[in-house]
Amino acid sequence: MLLTKDRKLKSKINTMNTIENIKEQYQQLQSANGSSALTSIEQKAFTAFSNMGIPTVKHEEWKYTRISSLFNKDFQFAPGRLASSFSKSDFDALHLPGFENANEIVFVNGVYNEALSLIRSAAISVITLEEASKNEHSTIVSTHLGHSSQYNKDGIHALNTAFVKEGIFLHVAKGKVTEHPVYIYHVTDARVSNILSQPRTLVYVGEAAQVQLVETFITLGNSESFTNQVMEVVVEQDAVVENYIIQNDAAHSHHVTTTHFRQIGKSVVHTVTITLNGGIVRNNLDMVMEADRCEANLFGLYFLKGTTHVDNHTIVDNVNPNCLSNELYKGIINDQGTAVFNGKIYVRQKAQKTNAFQSNKNILLSDHATVNTKPQLEIFADDVKCSHGCTVGQLDEEGLFYLRSRGISFDKARSLLIHAFAKDVLEHIKPVAIRAYVEQLICERLELN
Amino acid sequence: MLSIRNLHAAIDGKAILKGINLDIRPGEVHAIMGPNGSGKSTLAAVLSGRADFEVTDGTVDFLGKNILELSPEDRAGEGIFLAFQYPVEIPGLTTTNFIKTAVNEVRKYRGEAPLDAVQFLKIMKEKMALMNMDQSLLSRPLNEGFSGGEKKRNEIFQMAMLQPKLAILDETDSGLDIDAIRTVSNGVNTLRNKENAVLVVTHYQRLLDYIVPDFVHVLYNGRIVKSGTKELAFVLEERGYDFIKNAVNEGQEA
């Protein structure tokens, strides 16, 4: 009895610690930075965070994903400065394949590390959001920064926005095809203590520009990490944006990743989200199709082991007519892994001739694996083509027997079928080096060579 | 080579095979014929190790081993090959990758070194030519979008690559036009030699015009009720299965 009371007390104190720490950091930064164009965004967000708190499973959008208990733990949070000893030699071991030919942007504990970052393309510039809010980009910043809060109405999203000044602004000049992809590394240095980090990025892709973004998450050390990341991407007329998210982080790393696209001109967005490892992972992907004739492809693959939990929440919002979206998420869940897929498609009244397709397919490899899948269509226009479907099943017994009858061992046959299942997502990763890298990770997991 | 004794098998508790006895020696071609539902495909499935069926009694000896105790992959390693009635489509797995994995897994089982890429390609081209198969099928996902004829040719192509000692052809002629039957049969006949044997499971006599059996067995109600030479197939073609059914049902030898 006494013990229980003690525990309760302790957990309460720790909750205070992380939340108190966040509040303290906020106050300190507010007074240190002084007032600027971004101050009101931060203040509004901080109030929202204070009111809503960390979402619990009572929140409709967080029903299956429990992050609130993570805040019972003690996380260090230092948004205003580079507080880690993460060095160039540490980074040397972490580059993604093909980096020799890529732009690299490095966040360490959520803070942009300019010294480790390298921009090779003339069309690309990276500055802080605070700076961008004051120079010739100020209109872009004031128009688009924080747009994602309309689609992510919860305290964890507001928490990121409360520290928006520390984020970066990535500008892709109009009319330019950037032949070098942009690799974005979210490094969390948890070698000393548990770390909360909050990277924030606003990307602006100018008219007829093309860019490939590749994001990856790396936790160093054995303490826990919690990365609460928000990236907003503004896509102008005739631009083409590809975004690849590769999550193969440690089992004691937790992620809330929000990627918010705003297609303000007729444009193409292509995304692939790959989750192979992590603790609790929540991916929010919003595709707001504001212009006529936009096109978007949303692909995802999660291949889970251990106790990894991944929750993919996607929103496709068809605001204007003639847009096309194609969504395919596939999951393979082993051990005690849990997966959630929630795919919303809105078709506004004006959005006639919308084509919106969605599919979520899951294979459970273990009796203890779980999946919750929910398509959600809200259609207010009458001349549209929308489809959705989801499946949950086991590996095809007939296929397994076919392969085994040809002399292929049970384990190898199973691996070949899993690999075959994943393939139609993997083939949508266009940068060759990245596709080979993900293929390699999956083949290693499957012991296929 | 193959010796089946008193084989009983059931699915979901329902008895399908009720005491099969059959001996096959190297170099022989046997045909199993019989009306629908007589247990023909069940026999093929049980021999290749399909898990849906439970063997309730009897033995199957293949080259001195009790194969009923072996997994499907080990049976393939021992030299048993089943050409499927309905080859499975596997999107995402290319035919080349599949066949290369299969060949090398079987070689590993037999204690042989894996084929290198050059050797493999050479053999593969040779066997494809034998089956009159288009090279483009190799890079396509296994059986996906293949026509009925392409699927069956692909089965015999796999047989050619794996060089089994006993090939079981399960209704390989079903759904094939006459040209495809010729190609498939020609493939099987080319692969025949004194060391290996073929078990043809079929409803109709027509395939046996091309793959000529040494022995024909009639399966009815889970038992072999009549055996003979290839002439028996002609009798069945002419008279149908009814005279056999009637004879069995009247309790006499047909």
# chains A, B, ... in the order shown; residues from 1 in each chain; ligands from 1
$ interface_residues --of "chain A" --to "chain B" --cutoff "7 Å" --atoms "only C-alpha atoms" --output "list in words"
Gly399, Phe401, Tyr402, Arg404, Ser405, Arg406, Gly407, Ile408, Ser409, Ala420, Phe421, Lys423 and Asp424 of chain A
$ write_last_selection --atoms "N, CA, C and O atoms" --output "JSON list (two decimals), in the first residue's frame"
[["chain", "number", "residue", "atom", "x", "y", "z"],
["A", 399, "GLY", "N", 0.69, -19.75, -51.19],
["A", 399, "GLY", "CA", 1.97, -19.27, -51.71],
["A", 399, "GLY", "C", 3.14, -19.92, -50.98],
["A", 399, "GLY", "O", 4.14, -20.31, -51.58],
["A", 401, "PHE", "N", 3.15, -22.82, -49.47],
["A", 401, "PHE", "CA", 3.28, -24.22, -49.87],
["A", 401, "PHE", "C", 3.90, -24.34, -51.27],
["A", 401, "PHE", "O", 4.73, -25.22, -51.53],
["A", 402, "TYR", "N", 3.50, -23.44, -52.14],
["A", 402, "TYR", "CA", 4.05, -23.46, -53.51],
["A", 402, "TYR", "C", 5.57, -23.34, -53.48],
["A", 402, "TYR", "O", 6.29, -24.11, -54.12],
["A", 404, "ARG", "N", 7.59, -23.87, -50.91],
["A", 404, "ARG", "CA", 8.21, -25.01, -50.20],
["A", 404, "ARG", "C", 8.22, -26.25, -51.09],
["A", 404, "ARG", "O", 9.17, -27.04, -51.04],
["A", 405, "SER", "N", 7.19, -26.42, -51.90],
["A", 405, "SER", "CA", 7.14, -27.60, -52.76],
["A", 405, "SER", "C", 8.25, -27.57, -53.81],
["A", 405, "SER", "O", 8.52, -28.56, -54.46],
["A", 406, "ARG", "N", 8.89, -26.39, -53.95],
["A", 406, "ARG", "CA", 10.01, -26.28, -54.88],
["A", 406, "ARG", "C", 11.35, -26.40, -54.15],
["A", 406, "ARG", "O", 12.39, -26.04, -54.69],
["A", 407, "GLY", "N", 11.31, -26.80, -52.90],
["A", 407, "GLY", "CA", 12.54, -27.03, -52.16],
["A", 407, "GLY", "C", 12.99, -25.85, -51.31],
["A", 407, "GLY", "O", 14.05, -25.91, -50.68],
["A", 408, "ILE", "N", 12.22, -24.76, -51.31],
["A", 408, "ILE", "CA", 12.62, -23.57, -50.54],
["A", 408, "ILE", "C", 12.17, -23.76, -49.09],
["A", 408, "ILE", "O", 11.01, -24.07, -48.83],
["A", 409, "SER", "N", 13.10, -23.57, -48.16],
["A", 409, "SER", "CA", 12.80, -23.84, -46.75],
["A", 409, "SER", "C", 11.67, -22.93, -46.25],
["A", 409, "SER", "O", 11.43, -21.85, -46.80],
["A", 420, "ALA", "N", 8.20, -9.84, -50.97],
["A", 420, "ALA", "CA", 7.34, -9.61, -52.14],
["A", 420, "ALA", "C", 6.17, -8.69, -51.78],
["A", 420, "ALA", "O", 5.79, -7.81, -52.55],
["A", 421, "PHE", "N", 5.66, -8.87, -50.58],
["A", 421, "PHE", "CA", 4.54, -8.04, -50.10],
["A", 421, "PHE", "C", 4.96, -6.57, -49.98],
["A", 421, "PHE", "O", 4.20, -5.66, -50.31],
["A", 423, "LYS", "N", 7.30, -5.08, -51.58],
["A", 423, "LYS", "CA", 7.94, -4.53, -52.78],
["A", 423, "LYS", "C", 7.19, -3.39, -53.44],
["A", 423, "LYS", "O", 7.79, -2.42, -53.88],
["A", 424, "ASP", "N", 5.86, -3.48, -53.51],
["A", 424, "ASP", "CA", 5.17, -2.42, -54.26],
["A", 424, "ASP", "C", 5.11, -1.10, -53.50],
["A", 424, "ASP", "O", 4.68, -0.09, -54.06]]
$ select_by_dssp --residues "region 201-298 of chain A" --states "strand (DSSP E or B)" --output "ChimeraX atom specification"
/A:201-205,210-220,225-235,240-248,253-263,268-277,280-289,295-298
$ write_last_selection --atoms "C-alpha atoms" --output "compact mmCIF listing (two decimals), in the first residue's frame"
# COMPACT_ATOMS: atom_id res chain seq x y z
CA THR A 201 10.94 23.12 -40.43
CA LEU A 202 9.09 25.19 -42.96
CA VAL A 203 9.89 24.22 -46.53
CA TYR A 204 8.96 26.42 -49.43
CA VAL A 205 9.18 24.87 -52.88
CA GLN A 210 11.76 20.02 -57.88
CA VAL A 211 13.24 18.60 -54.73
CA GLN A 212 13.70 15.26 -52.98
CA LEU A 213 13.69 15.26 -49.18
CA VAL A 214 14.87 12.30 -47.13
CA GLU A 215 14.38 12.32 -43.38
CA THR A 216 15.93 9.93 -40.92
CA PHE A 217 15.95 9.63 -37.13
CA ILE A 218 18.90 8.53 -35.04
CA THR A 219 19.08 8.16 -31.29
CA LEU A 220 22.51 7.82 -29.70
CA SER A 225 14.46 9.93 -26.69
CA PHE A 226 11.26 11.66 -27.66
CA THR A 227 11.27 13.55 -30.93
CA ASN A 228 8.27 15.73 -31.59
CA GLN A 229 8.89 16.98 -35.09
CA VAL A 230 6.83 19.20 -37.38
CA MET A 231 7.61 19.91 -41.00
CA GLU A 232 5.35 22.09 -43.10
CA VAL A 233 5.87 22.09 -46.85
CA VAL A 234 4.42 24.72 -49.15
CA VAL A 235 4.23 23.58 -52.76
CA VAL A 240 7.34 18.37 -57.69
CA VAL A 241 8.24 17.32 -54.15
CA GLU A 242 9.27 13.89 -52.97
CA ASN A 243 9.50 13.16 -49.28
CA TYR A 244 10.92 9.98 -47.79
CA ILE A 245 10.82 9.24 -44.09
CA ILE A 246 13.04 6.42 -42.89
CA GLN A 247 12.44 5.39 -39.29
CA ASN A 248 14.79 2.71 -38.10
CA SER A 253 13.16 6.17 -29.13
CA HIS A 254 9.73 7.70 -29.50
CA HIS A 255 8.51 9.89 -32.31
CA VAL A 256 5.67 12.13 -33.20
CA THR A 257 6.28 13.24 -36.74
CA THR A 258 3.96 15.66 -38.45
CA THR A 259 4.43 16.35 -42.14
CA HIS A 260 2.02 18.86 -43.53
CA PHE A 261 1.83 19.56 -47.24
CA ARG A 262 0.01 22.52 -48.63
CA GLN A 263 -0.33 22.30 -52.40
CA VAL A 268 2.80 16.77 -57.48
CA VAL A 269 3.74 15.44 -54.05
CA HIS A 270 5.10 11.95 -53.58
CA THR A 271 5.72 10.54 -50.11
CA VAL A 272 6.98 7.23 -48.76
CA THR A 273 7.04 6.61 -45.02
CA ILE A 274 9.04 3.61 -43.84
CA THR A 275 8.97 2.48 -40.20
CA LEU A 276 11.18 -0.44 -39.24
CA ASN A 277 12.03 0.16 -35.61
CA ILE A 280 6.13 4.58 -29.86
CA VAL A 281 5.91 6.15 -33.31
CA ARG A 282 3.16 8.43 -34.52
CA ASN A 283 3.27 9.79 -38.06
CA ASN A 284 0.83 12.49 -39.06
CA LEU A 285 0.77 13.18 -42.76
CA ASP A 286 -1.50 15.90 -44.11
CA MET A 287 -2.02 16.51 -47.79
CA VAL A 288 -3.97 19.68 -48.28
CA MET A 289 -4.81 19.95 -51.96
CA GLU A 295 -1.67 15.08 -57.53
CA ALA A 296 -0.42 13.26 -54.46
CA ASN A 297 0.96 9.79 -53.79
CA LEU A 298 1.13 8.58 -50.21
$ residues_around --residues "Arg223 (chain B)" --least-positions-apart "4" --cutoff "10 Å" --atoms "only C-alpha atoms" --output "VMD selection string"
chain B and resid 6 to 8 16 to 21 38 to 40 217 to 219
$ select_by_dssp --residues "region 309-418 of chain A" --states "alpha helix (DSSP H)" --output "ChimeraX atom specification"
/A:397-404,410-418
$ write_last_selection --atoms "N, CA, C and O atoms" --output "compact mmCIF listing (two decimals), in the first residue's frame"
# COMPACT_ATOMS: atom_id res chain seq x y z
N GLU A 397 -1.03 -19.04 -47.25
CA GLU A 397 -0.62 -20.43 -47.04
C GLU A 397 -0.32 -21.13 -48.38
O GLU A 397 0.60 -21.94 -48.49
N GLU A 398 -1.13 -20.79 -49.36
CA GLU A 398 -0.99 -21.43 -50.66
C GLU A 398 0.35 -21.05 -51.30
O GLU A 398 1.06 -21.89 -51.84
N GLY A 399 0.69 -19.75 -51.19
CA GLY A 399 1.97 -19.27 -51.71
C GLY A 399 3.14 -19.92 -50.98
O GLY A 399 4.14 -20.31 -51.58
N LEU A 400 2.98 -20.04 -49.67
CA LEU A 400 4.02 -20.64 -48.84
C LEU A 400 4.25 -22.10 -49.27
O LEU A 400 5.39 -22.54 -49.43
N PHE A 401 3.15 -22.82 -49.47
CA PHE A 401 3.28 -24.22 -49.87
C PHE A 401 3.90 -24.34 -51.27
O PHE A 401 4.73 -25.22 -51.53
N TYR A 402 3.50 -23.44 -52.14
CA TYR A 402 4.05 -23.46 -53.51
C TYR A 402 5.57 -23.34 -53.48
O TYR A 402 6.29 -24.11 -54.12
N LEU A 403 6.07 -22.37 -52.72
CA LEU A 403 7.52 -22.17 -52.64
C LEU A 403 8.20 -23.36 -51.97
O LEU A 403 9.26 -23.81 -52.41
N ARG A 404 7.59 -23.87 -50.91
CA ARG A 404 8.21 -25.01 -50.20
C ARG A 404 8.22 -26.25 -51.09
O ARG A 404 9.17 -27.04 -51.04
N PHE A 410 11.03 -23.36 -45.20
CA PHE A 410 9.92 -22.58 -44.63
C PHE A 410 10.35 -21.15 -44.33
O PHE A 410 9.68 -20.20 -44.72
N ASP A 411 11.48 -21.00 -43.65
CA ASP A 411 11.92 -19.65 -43.26
C ASP A 411 12.20 -18.77 -44.47
O ASP A 411 11.83 -17.60 -44.52
N LYS A 412 12.85 -19.37 -45.46
CA LYS A 412 13.19 -18.58 -46.64
C LYS A 412 11.94 -18.26 -47.46
O LYS A 412 11.80 -17.15 -47.97
N ALA A 413 11.03 -19.22 -47.54
CA ALA A 413 9.78 -18.99 -48.27
C ALA A 413 9.00 -17.84 -47.64
O ALA A 413 8.48 -16.96 -48.32
N ARG A 414 8.97 -17.86 -46.31
CA ARG A 414 8.28 -16.81 -45.57
C ARG A 414 8.92 -15.46 -45.86
O ARG A 414 8.25 -14.47 -46.13
N SER A 415 10.25 -15.43 -45.80
CA SER A 415 10.98 -14.18 -46.07
C SER A 415 10.72 -13.68 -47.49
O SER A 415 10.51 -12.49 -47.70
N LEU A 416 10.73 -14.59 -48.43
CA LEU A 416 10.50 -14.17 -49.83
C LEU A 416 9.11 -13.58 -49.99
O LEU A 416 8.91 -12.59 -50.70
N LEU A 417 8.13 -14.18 -49.32
CA LEU A 417 6.76 -13.67 -49.44
C LEU A 417 6.59 -12.32 -48.75
O LEU A 417 5.88 -11.44 -49.25
N ILE A 418 7.28 -12.15 -47.61
CA ILE A 418 7.20 -10.85 -46.93
C ILE A 418 7.86 -9.77 -47.80
O ILE A 418 7.33 -8.68 -47.99
$ residues_around --residues "Leu196 (chain A)" --least-positions-apart "6" --cutoff "12 Å" --atoms "only C-alpha atoms" --output "PyMOL selection string"
chain A and resi 18-19+21-22+70-71+73-79+108-111+156+159-160+186-190+219+223-229+253-256
$ write_last_selection --atoms "N, CA, C and O atoms" --output "short mmCIF file (atom, residue, chain, number, x, y, z; two decimals), in the first residue's frame"
data_model
loop_
_atom_site.label_atom_id
_atom_site.label_comp_id
_atom_site.auth_asym_id
_atom_site.auth_seq_id
_atom_site.Cartn_x
_atom_site.Cartn_y
_atom_site.Cartn_z
N THR A 18 9.28 17.10 -16.31
CA THR A 18 9.35 17.32 -17.75
C THR A 18 8.48 18.51 -18.17
O THR A 18 8.93 19.40 -18.88
N ILE A 19 7.26 18.53 -17.69
CA ILE A 19 6.36 19.63 -18.06
C ILE A 19 6.88 20.96 -17.49
O ILE A 19 6.89 21.99 -18.19
N ASN A 21 9.91 21.66 -16.80
CA ASN A 21 11.11 21.97 -17.57
C ASN A 21 10.73 22.67 -18.88
O ASN A 21 11.33 23.68 -19.27
N ILE A 22 9.71 22.14 -19.54
CA ILE A 22 9.24 22.75 -20.79
C ILE A 22 8.79 24.19 -20.53
O ILE A 22 9.17 25.13 -21.25
N LEU A 70 4.59 8.75 -21.38
CA LEU A 70 6.02 9.04 -21.57
C LEU A 70 6.43 10.30 -20.79
O LEU A 70 7.57 10.42 -20.36
N PHE A 71 5.47 11.19 -20.62
CA PHE A 71 5.78 12.44 -19.92
C PHE A 71 5.86 12.24 -18.41
O PHE A 71 6.14 13.17 -17.68
N LYS A 73 8.05 10.35 -17.41
CA LYS A 73 9.49 10.17 -17.26
C LYS A 73 10.17 11.54 -17.32
O LYS A 73 9.60 12.52 -17.78
N ASP A 74 11.40 11.51 -16.87
CA ASP A 74 12.16 12.75 -16.82
C ASP A 74 12.91 12.95 -18.13
O ASP A 74 13.83 12.21 -18.43
N PHE A 75 12.50 13.93 -18.91
CA PHE A 75 13.20 14.22 -20.17
C PHE A 75 13.90 15.58 -20.08
O PHE A 75 13.29 16.55 -19.64
N GLN A 76 15.14 15.63 -20.52
CA GLN A 76 15.83 16.91 -20.63
C GLN A 76 15.37 17.59 -21.92
O GLN A 76 15.14 16.94 -22.93
N PHE A 77 15.25 18.91 -21.85
CA PHE A 77 14.76 19.65 -23.00
C PHE A 77 15.51 20.97 -23.07
O PHE A 77 15.45 21.77 -22.13
N ALA A 78 16.26 21.16 -24.14
CA ALA A 78 17.04 22.40 -24.28
C ALA A 78 16.91 22.91 -25.70
O ALA A 78 17.77 22.68 -26.54
N PRO A 79 15.80 23.57 -26.00
CA PRO A 79 15.52 23.95 -27.39
C PRO A 79 16.36 25.13 -27.90
O PRO A 79 16.53 25.28 -29.10
N VAL A 108 20.42 18.41 -34.04
CA VAL A 108 20.86 17.64 -32.88
C VAL A 108 19.99 18.05 -31.71
O VAL A 108 19.89 19.23 -31.37
N ASN A 109 19.33 17.10 -31.13
CA ASN A 109 18.36 17.35 -30.06
C ASN A 109 17.35 18.43 -30.46
O ASN A 109 16.95 19.27 -29.66
N GLY A 110 16.99 18.40 -31.72
CA GLY A 110 15.95 19.31 -32.21
C GLY A 110 16.45 20.67 -32.65
O GLY A 110 15.69 21.48 -33.17
N VAL A 111 17.75 20.92 -32.44
CA VAL A 111 18.31 22.23 -32.77
C VAL A 111 19.15 22.11 -34.04
O VAL A 111 19.97 21.20 -34.16
N ILE A 156 0.28 18.18 -28.21
CA ILE A 156 1.65 17.82 -28.59
C ILE A 156 2.08 18.62 -29.82
O ILE A 156 3.24 19.03 -29.94
N LEU A 159 2.75 22.10 -28.65
CA LEU A 159 4.03 22.15 -27.92
C LEU A 159 5.19 22.46 -28.86
O LEU A 159 6.07 23.26 -28.55
N ASN A 160 5.18 21.84 -30.03
CA ASN A 160 6.24 22.13 -30.99
C ASN A 160 6.17 23.59 -31.44
O ASN A 160 7.18 24.30 -31.48
N HIS A 186 17.64 13.76 -38.00
CA HIS A 186 17.17 14.16 -36.68
C HIS A 186 17.93 13.32 -35.66
O HIS A 186 17.55 12.19 -35.37
N VAL A 187 19.01 13.89 -35.16
CA VAL A 187 19.85 13.16 -34.21
C VAL A 187 19.42 13.51 -32.79
O VAL A 187 19.23 14.68 -32.47
N THR A 188 19.23 12.50 -31.97
CA THR A 188 18.98 12.76 -30.56
C THR A 188 20.09 12.11 -29.76
O THR A 188 20.30 10.90 -29.85
N ASP A 189 20.81 12.95 -29.04
CA ASP A 189 21.96 12.46 -28.27
C ASP A 189 21.50 12.13 -26.85
O ASP A 189 21.44 12.98 -25.98
N ALA A 190 21.15 10.86 -26.65
CA ALA A 190 20.65 10.43 -25.34
C ALA A 190 21.71 9.61 -24.63
O ALA A 190 21.42 8.64 -23.94
N THR A 219 18.87 7.92 -32.71
CA THR A 219 19.08 8.16 -31.29
C THR A 219 20.41 7.53 -30.87
O THR A 219 20.66 6.36 -31.16
N SER A 223 19.72 6.07 -23.18
CA SER A 223 18.57 6.72 -22.55
C SER A 223 17.47 6.89 -23.59
O SER A 223 17.69 6.72 -24.78
N GLU A 224 16.29 7.25 -23.11
CA GLU A 224 15.16 7.36 -24.03
C GLU A 224 15.15 8.70 -24.76
O GLU A 224 15.62 9.70 -24.25
N SER A 225 14.61 8.67 -25.96
CA SER A 225 14.46 9.93 -26.69
C SER A 225 13.01 10.09 -27.11
O SER A 225 12.30 9.12 -27.32
N PHE A 226 12.61 11.34 -27.17
CA PHE A 226 11.26 11.66 -27.66
C PHE A 226 11.42 12.80 -28.64
O PHE A 226 11.81 13.91 -28.27
N THR A 227 11.15 12.52 -29.90
CA THR A 227 11.27 13.55 -30.93
C THR A 227 9.88 13.95 -31.39
O THR A 227 9.12 13.13 -31.87
N ASN A 228 9.57 15.20 -31.18
CA ASN A 228 8.27 15.73 -31.59
C ASN A 228 8.52 16.71 -32.72
O ASN A 228 8.83 17.87 -32.50
N GLN A 229 8.43 16.21 -33.94
CA GLN A 229 8.89 16.98 -35.09
C GLN A 229 7.72 17.46 -35.93
O GLN A 229 6.74 16.75 -36.12
N SER A 253 13.37 4.83 -28.56
CA SER A 253 13.16 6.17 -29.13
C SER A 253 11.70 6.31 -29.51
O SER A 253 11.09 5.37 -30.02
N HIS A 254 11.15 7.46 -29.22
CA HIS A 254 9.73 7.70 -29.50
C HIS A 254 9.61 8.90 -30.43
O HIS A 254 10.40 9.83 -30.34
N HIS A 255 8.62 8.84 -31.30
CA HIS A 255 8.51 9.89 -32.31
C HIS A 255 7.08 10.31 -32.54
O HIS A 255 6.21 9.47 -32.67
N VAL A 256 6.90 11.61 -32.60
CA VAL A 256 5.67 12.13 -33.20
C VAL A 256 6.13 12.99 -34.37
O VAL A 256 6.83 13.98 -34.18
#
$ atom_distance --atom1 "CA of Asn189 (chain B)" --atom2 "CA of Ile24 (chain B)"
17.2 Å
$ atom_distance --atom1 "CA of Lys344 (chain A)" --atom2 "CA of Ser142 (chain A)"
27.3 Å
$ atom_distance --atom1 "CA of Phe99 (chain A)" --atom2 "CA of His180 (chain A)"
9.1 Å
$ residues_around --residues "region 210-212 of chain B" --least-positions-apart "6" --cutoff "9 Å" --atoms "only C-alpha atoms" --output "number ranges by chain"
B: 29-31, 181-182, 185-186, 188-189, 200, 230
$ write_last_selection --atoms "N, CA and C atoms" --output "mmCIF file, in the first residue's frame"
data_model
loop_
_atom_site.group_PDB
_atom_site.id
_atom_site.type_symbol
_atom_site.label_atom_id
_atom_site.label_comp_id
_atom_site.auth_asym_id
_atom_site.auth_seq_id
_atom_site.Cartn_x
_atom_site.Cartn_y
_atom_site.Cartn_z
ATOM 1 N N VAL B 29 5.874 -44.441 -66.447
ATOM 2 C CA VAL B 29 4.862 -43.385 -66.406
ATOM 3 C C VAL B 29 3.550 -44.021 -65.956
ATOM 4 N N HIS B 30 3.000 -43.516 -64.880
ATOM 5 C CA HIS B 30 1.711 -43.987 -64.394
ATOM 6 C C HIS B 30 0.683 -42.877 -64.537
ATOM 7 N N ALA B 31 -0.526 -43.280 -64.892
ATOM 8 C CA ALA B 31 -1.606 -42.301 -64.940
ATOM 9 C C ALA B 31 -2.648 -42.676 -63.901
ATOM 10 N N ILE B 181 -0.970 -28.143 -74.773
ATOM 11 C CA ILE B 181 -0.822 -29.533 -74.313
ATOM 12 C C ILE B 181 0.385 -30.174 -74.989
ATOM 13 N N ARG B 182 0.546 -29.912 -76.272
ATOM 14 C CA ARG B 182 1.699 -30.463 -77.005
ATOM 15 C C ARG B 182 3.011 -29.963 -76.424
ATOM 16 N N SER B 185 3.584 -31.456 -72.968
ATOM 17 C CA SER B 185 3.887 -32.887 -73.053
ATOM 18 C C SER B 185 5.277 -33.113 -73.627
ATOM 19 N N ASN B 186 5.601 -32.347 -74.638
ATOM 20 C CA ASN B 186 6.915 -32.451 -75.246
ATOM 21 C C ASN B 186 8.009 -32.201 -74.216
ATOM 22 N N VAL B 188 7.763 -32.619 -70.933
ATOM 23 C CA VAL B 188 7.802 -33.754 -69.998
ATOM 24 C C VAL B 188 8.524 -34.941 -70.634
ATOM 25 N N ASN B 189 8.184 -35.224 -71.899
ATOM 26 C CA ASN B 189 8.793 -36.374 -72.570
ATOM 27 C C ASN B 189 10.300 -36.216 -72.724
ATOM 28 N N VAL B 200 0.951 -39.069 -63.716
ATOM 29 C CA VAL B 200 0.047 -38.103 -64.354
ATOM 30 C C VAL B 200 -1.337 -38.253 -63.741
ATOM 31 N N LYS B 230 -2.229 -48.746 -71.035
ATOM 32 C CA LYS B 230 -2.799 -47.520 -71.612
ATOM 33 C C LYS B 230 -4.147 -47.743 -72.287
#
$ decode --residues "region 147-156 of chain B" --atoms "N, CA, C and O atoms" --output "tab-separated table (two decimals), in the first residue's frame"
chain	number	residue	atom	x	y	z
B	147	SER	N	-0.91	-16.24	-68.76
B	147	SER	CA	-2.07	-16.95	-69.28
B	147	SER	C	-2.04	-18.38	-68.73
B	147	SER	O	-1.02	-18.82	-68.19
B	148	GLY	N	-3.16	-19.09	-68.89
B	148	GLY	CA	-3.23	-20.48	-68.40
B	148	GLY	C	-2.09	-21.32	-68.97
B	148	GLY	O	-1.42	-22.06	-68.24
B	149	GLY	N	-1.85	-21.16	-70.26
B	149	GLY	CA	-0.79	-21.92	-70.92
B	149	GLY	C	0.59	-21.55	-70.39
B	149	GLY	O	1.43	-22.41	-70.17
B	150	GLU	N	0.80	-20.25	-70.19
B	150	GLU	CA	2.10	-19.79	-69.67
B	150	GLU	C	2.37	-20.35	-68.27
B	150	GLU	O	3.49	-20.74	-67.94
B	151	LYS	N	1.31	-20.39	-67.47
B	151	LYS	CA	1.47	-20.92	-66.10
B	151	LYS	C	1.88	-22.39	-66.14
B	151	LYS	O	2.77	-22.81	-65.41
B	152	LYS	N	1.22	-23.18	-66.99
B	152	LYS	CA	1.52	-24.61	-67.04
B	152	LYS	C	2.90	-24.86	-67.64
B	152	LYS	O	3.64	-25.74	-67.19
B	153	ARG	N	3.25	-24.07	-68.63
B	153	ARG	CA	4.61	-24.19	-69.20
B	153	ARG	C	5.65	-23.84	-68.15
B	153	ARG	O	6.71	-24.45	-68.05
B	154	ASN	N	5.31	-22.83	-67.33
B	154	ASN	CA	6.21	-22.43	-66.26
B	154	ASN	C	6.38	-23.56	-65.24
B	154	ASN	O	7.48	-23.76	-64.70
B	155	GLU	N	5.33	-24.32	-65.01
B	155	GLU	CA	5.45	-25.46	-64.09
B	155	GLU	C	6.46	-26.48	-64.62
B	155	GLU	O	7.32	-26.96	-63.89
B	156	ILE	N	6.33	-26.80	-65.92
B	156	ILE	CA	7.22	-27.82	-66.49
B	156	ILE	C	8.64	-27.27	-66.61
B	156	ILE	O	9.62	-27.99	-66.46
